[in-house]
Amino acid sequence: MDTPSLQAFVAVAETASFSLAAEQLHLTQPAVSKRIAQLEQLHGARLFDRIGRRVSLTEAGNILLPRARAILVMHDDTRRALRNLSGEVKGSLTMATSHHVGLHRLPPLLKAFTMAHPEVRMDMRFLDSEQAYQGVLDGELELAVVTLAPHRDPNLTVVPVWLDEMRFVCGRDHPLAGHKALPLAALSQHDAVLPGHLTFTRGIVIDTFARDGLSVEVSMSTNYLETLKMMVAIGLGWSVLPESMIDDEIEILPIDHRPIERQLGYLYHNNRTLSNAASAMIELLEGARDAASINL
């Protein structure tokens with residue numbers, strides 16, 4: 001079974017489009033169609049239904065997809081293991097980070113890495129932390145540096161690097177502004193603006209209130225913390241933001257509750273052979289670990 005055909009099959013399955021798959025693989029659309037036809041001929045089964053412009057997996061396609069991904073991961077893993085024998089740090093590093101971590105934590109490490117290892121081609125992807133987790137689990141990403149999930153996945157090695165202290169904040173003209181002390185319950189009486197419904201950060205905030213028997217009324221959501229800060233500043237609601245983002249545009253609320261904390265760090269799949277490039281990046285991340293994260 002040839003890996004180019006499997007790569008084409010997975011790309012079409014994930015994009016639900018022959019044209020998008022061709023663009024992703026830097027091929028022509030007829031070339032992608034030919035690879036899929038070869039795969040269908042090999043297995044004696046149709047892998048996709050094409051109804052109008054819609055492309056969807058058949059039952060055979062759904063059976064093949066997880067196996068195709070596993071074969072491609074094993075293929076890449078074998079090539080990586082063989083390349084690692086040279087001890088050289090070069091090749092490509094497919095890595096994801098969230099926008100916040102990429103903007104506020106990673107720049108000095110990325111600069112040091114590119115200066116020390118100029119032969120490495122960085123394939124850096126900015127994703128939500130939850131998407132990055134799934135990318136690592138699916139074998140699409142070698143490494144991710146993101147907000148860590150509250151619950152560990154046994155398939156992943158997850159290492160905290162930084163402890164992000166979050167503060168309750170509001171705009172200068174918000175009704176909650178100017179108080180000397182406030183109970184957590186006071187926030188339940190006002191709308192919040194928080195990250196999206198399925199994000200790790202929102203889950204941490206909602207769980208904090210739930211433990212005290214409180215609910216949170218969320219009026220608006222966005223996964224970009226810089227946008228959340230703007231929404232808070234213009235008075236659309238209170239929120240929870242990293243201490244490093246707080247400036248004169250917003251006000252820290254004196255809530256009688258310990259600060260919310262989230263862990264930022266890196267993760268990779270337990271069954272994946274790390275490239276020398278990934279190992280070099282992890283070495284830099286280990287050097288950046290703060291004392292608070294080490295004690296977690």
# chains A, B, ... in the order shown; residues from 1 in each chain; ligands from 1

$ select_by_dssp --residues "segment 86-163 of chain A" --states "helix (DSSP H, G or I)" --output "PDB file with C-alpha atoms, in the first residue's frame"
ATOM      1  CA  HIS A  99      -2.274  32.552  19.983  1.00  0.00           C
ATOM      2  CA  HIS A 100      -1.744  33.659  23.572  1.00  0.00           C
ATOM      3  CA  VAL A 101       1.209  31.341  24.242  1.00  0.00           C
ATOM      4  CA  GLY A 102       2.658  32.116  20.812  1.00  0.00           C
ATOM      5  CA  LEU A 103       2.521  35.849  21.440  1.00  0.00           C
ATOM      6  CA  HIS A 104       3.437  36.067  25.118  1.00  0.00           C
ATOM      7  CA  PRO A 107       8.990  34.354  21.013  1.00  0.00           C
ATOM      8  CA  PRO A 108      12.316  34.287  22.937  1.00  0.00           C
ATOM      9  CA  LEU A 109      12.442  30.481  22.754  1.00  0.00           C
ATOM     10  CA  LEU A 110      11.674  30.450  19.036  1.00  0.00           C
ATOM     11  CA  LYS A 111      14.375  33.049  18.420  1.00  0.00           C
ATOM     12  CA  ALA A 112      16.937  31.004  20.364  1.00  0.00           C
ATOM     13  CA  PHE A 113      15.868  27.827  18.559  1.00  0.00           C
ATOM     14  CA  THR A 114      16.126  29.245  15.037  1.00  0.00           C
ATOM     15  CA  MET A 115      19.524  30.780  15.801  1.00  0.00           C
ATOM     16  CA  ALA A 116      20.857  27.495  17.230  1.00  0.00           C
ATOM     17  CA  SER A 129      -5.391  24.496  22.545  1.00  0.00           C
ATOM     18  CA  GLU A 130      -8.149  21.922  22.117  1.00  0.00           C
ATOM     19  CA  GLN A 131      -7.416  21.600  18.385  1.00  0.00           C
ATOM     20  CA  ALA A 132      -3.706  21.247  19.104  1.00  0.00           C
ATOM     21  CA  TYR A 133      -4.406  18.385  21.533  1.00  0.00           C
ATOM     22  CA  GLN A 134      -6.399  16.584  18.862  1.00  0.00           C
ATOM     23  CA  GLY A 135      -3.673  17.193  16.293  1.00  0.00           C
ATOM     24  CA  VAL A 136      -1.100  15.552  18.554  1.00  0.00           C
ATOM     25  CA  LEU A 137      -3.449  12.618  19.242  1.00  0.00           C
TER      26      LEU A 137
END

$ select_by_dssp --residues "segment 109-261 of chain A" --states "strand (DSSP E)" --output "NGL selection string"
:A and (120-126 or 143-147 or 156-171 or 192-194 or 218-221 or 239-242 or 250-252 or 260-261)

$ residues_around --residues "segment 189-198 of chain A" --least-positions-apart "6" --cutoff "8 Å" --atoms "only C-alpha atoms" --output "list in words"
Val216, Glu217, Val218, Ser219, Met220, Ser221, Thr222, Asn223, Tyr224, Leu225, Leu228, Met231, Val232, Leu236, Gly237, Trp238, Ser239 and Val240 of chain A

$ residues_around --residues "segment 66-76 of chain A" --least-positions-apart "4" --cutoff "7 Å" --atoms "only C-alpha atoms" --output "PyMOL selection string"
chain A and resi 3+6+80+139

$ closest_residue --among "A:Pro160, A:Gly61, A:Pro154, A:Gly171" --to "Ala13 of chain A" --atoms "only C-alpha atoms"
A:Gly61

$ residues_around --residues "segment 19-26 of chain A" --least-positions-apart "2" --cutoff "12 Å" --atoms "only C-alpha atoms" --output "ChimeraX atom specification"
/A:4-17,28-36,53-55

$ write_last_selection --atoms "N, CA and C atoms" --output "PDB file, in the first residue's frame"
ATOM      1  N   PRO A   4       1.611   7.744  -0.643  1.00  0.00           N
ATOM      2  CA  PRO A   4       1.003   8.899  -1.308  1.00  0.00           C
ATOM      3  C   PRO A   4      -0.508   8.767  -1.485  1.00  0.00           C
ATOM      4  N   SER A   5      -0.977   7.572  -1.804  1.00  0.00           N
ATOM      5  CA  SER A   5      -2.424   7.374  -1.955  1.00  0.00           C
ATOM      6  C   SER A   5      -3.136   7.531  -0.616  1.00  0.00           C
ATOM      7  N   LEU A   6      -2.521   7.018   0.442  1.00  0.00           N
ATOM      8  CA  LEU A   6      -3.119   7.174   1.767  1.00  0.00           C
ATOM      9  C   LEU A   6      -3.141   8.635   2.192  1.00  0.00           C
ATOM     10  N   GLN A   7      -2.075   9.372   1.873  1.00  0.00           N
ATOM     11  CA  GLN A   7      -2.048  10.796   2.197  1.00  0.00           C
ATOM     12  C   GLN A   7      -3.160  11.536   1.477  1.00  0.00           C
ATOM     13  N   ALA A   8      -3.376  11.195   0.213  1.00  0.00           N
ATOM     14  CA  ALA A   8      -4.455  11.825  -0.542  1.00  0.00           C
ATOM     15  C   ALA A   8      -5.810  11.476   0.060  1.00  0.00           C
ATOM     16  N   PHE A   9      -5.990  10.216   0.435  1.00  0.00           N
ATOM     17  CA  PHE A   9      -7.254   9.768   1.025  1.00  0.00           C
ATOM     18  C   PHE A   9      -7.545  10.523   2.326  1.00  0.00           C
ATOM     19  N   VAL A  10      -6.554  10.622   3.211  1.00  0.00           N
ATOM     20  CA  VAL A  10      -6.750  11.319   4.485  1.00  0.00           C
ATOM     21  C   VAL A  10      -7.025  12.800   4.254  1.00  0.00           C
ATOM     22  N   ALA A  11      -6.324  13.412   3.310  1.00  0.00           N
ATOM     23  CA  ALA A  11      -6.536  14.831   3.028  1.00  0.00           C
ATOM     24  C   ALA A  11      -7.948  15.096   2.519  1.00  0.00           C
ATOM     25  N   VAL A  12      -8.449  14.243   1.624  1.00  0.00           N
ATOM     26  CA  VAL A  12      -9.824  14.411   1.125  1.00  0.00           C
ATOM     27  C   VAL A  12     -10.824  14.190   2.258  1.00  0.00           C
ATOM     28  N   ALA A  13     -10.573  13.186   3.083  1.00  0.00           N
ATOM     29  CA  ALA A  13     -11.486  12.891   4.195  1.00  0.00           C
ATOM     30  C   ALA A  13     -11.555  14.058   5.174  1.00  0.00           C
ATOM     31  N   GLU A  14     -10.427  14.679   5.444  1.00  0.00           N
ATOM     32  CA  GLU A  14     -10.391  15.755   6.434  1.00  0.00           C
ATOM     33  C   GLU A  14     -10.917  17.076   5.897  1.00  0.00           C
ATOM     34  N   THR A  15     -10.739  17.325   4.605  1.00  0.00           N
ATOM     35  CA  THR A  15     -11.212  18.585   4.024  1.00  0.00           C
ATOM     36  C   THR A  15     -12.577  18.464   3.372  1.00  0.00           C
ATOM     37  N   ALA A  16     -13.022  17.206   3.158  1.00  0.00           N
ATOM     38  CA  ALA A  16     -14.288  16.939   2.448  1.00  0.00           C
ATOM     39  C   ALA A  16     -14.291  17.607   1.082  1.00  0.00           C
ATOM     40  N   SER A  17     -13.115  17.645   0.463  1.00  0.00           N
ATOM     41  CA  SER A  17     -12.994  18.319  -0.824  1.00  0.00           C
ATOM     42  C   SER A  17     -11.763  17.806  -1.563  1.00  0.00           C
ATOM     43  N   THR A  28      -2.257  18.561  -8.368  1.00  0.00           N
ATOM     44  CA  THR A  28      -3.441  18.920  -9.143  1.00  0.00           C
ATOM     45  C   THR A  28      -4.615  18.070  -8.666  1.00  0.00           C
ATOM     46  N   GLN A  29      -5.824  18.551  -8.914  1.00  0.00           N
ATOM     47  CA  GLN A  29      -6.998  17.784  -8.504  1.00  0.00           C
ATOM     48  C   GLN A  29      -7.080  16.436  -9.227  1.00  0.00           C
ATOM     49  N   PRO A  30      -6.771  16.369 -10.540  1.00  0.00           N
ATOM     50  CA  PRO A  30      -6.769  15.057 -11.201  1.00  0.00           C
ATOM     51  C   PRO A  30      -5.781  14.080 -10.573  1.00  0.00           C
ATOM     52  N   ALA A  31      -4.644  14.589 -10.092  1.00  0.00           N
ATOM     53  CA  ALA A  31      -3.663  13.706  -9.459  1.00  0.00           C
ATOM     54  C   ALA A  31      -4.210  13.115  -8.171  1.00  0.00           C
ATOM     55  N   VAL A  32      -4.947  13.931  -7.406  1.00  0.00           N
ATOM     56  CA  VAL A  32      -5.569  13.430  -6.175  1.00  0.00           C
ATOM     57  C   VAL A  32      -6.637  12.399  -6.519  1.00  0.00           C
ATOM     58  N   SER A  33      -7.451  12.690  -7.521  1.00  0.00           N
ATOM     59  CA  SER A  33      -8.508  11.756  -7.930  1.00  0.00           C
ATOM     60  C   SER A  33      -7.917  10.423  -8.379  1.00  0.00           C
ATOM     61  N   LYS A  34      -6.782  10.491  -9.076  1.00  0.00           N
ATOM     62  CA  LYS A  34      -6.134   9.261  -9.541  1.00  0.00           C
ATOM     63  C   LYS A  34      -5.662   8.422  -8.367  1.00  0.00           C
ATOM     64  N   ARG A  35      -5.099   9.070  -7.348  1.00  0.00           N
ATOM     65  CA  ARG A  35      -4.617   8.324  -6.178  1.00  0.00           C
ATOM     66  C   ARG A  35      -5.781   7.672  -5.432  1.00  0.00           C
ATOM     67  N   ILE A  36      -6.887   8.380  -5.328  1.00  0.00           N
ATOM     68  CA  ILE A  36      -8.055   7.812  -4.653  1.00  0.00           C
ATOM     69  C   ILE A  36      -8.592   6.631  -5.462  1.00  0.00           C
ATOM     70  N   ARG A  53     -21.516  18.821  -5.020  1.00  0.00           N
ATOM     71  CA  ARG A  53     -20.203  19.281  -4.578  1.00  0.00           C
ATOM     72  C   ARG A  53     -19.811  18.674  -3.230  1.00  0.00           C
ATOM     73  N   ARG A  54     -20.704  17.902  -2.680  1.00  0.00           N
ATOM     74  CA  ARG A  54     -20.440  17.337  -1.354  1.00  0.00           C
ATOM     75  C   ARG A  54     -19.686  16.018  -1.469  1.00  0.00           C
ATOM     76  N   VAL A  55     -18.639  15.890  -0.644  1.00  0.00           N
ATOM     77  CA  VAL A  55     -17.837  14.670  -0.601  1.00  0.00           C
ATOM     78  C   VAL A  55     -17.921  14.104   0.803  1.00  0.00           C
TER      79      VAL A  55
END

$ atom_distance --atom1 "atom CA of Leu274 of chain A" --atom2 "atom CA of Trp162 of chain A"
22.1 Å

$ closest_residue --among "A:Gly44, A:Arg272, A:Leu284, A:Glu251" --to "Arg172 of chain A" --atoms "only C-alpha atoms"
A:Glu251
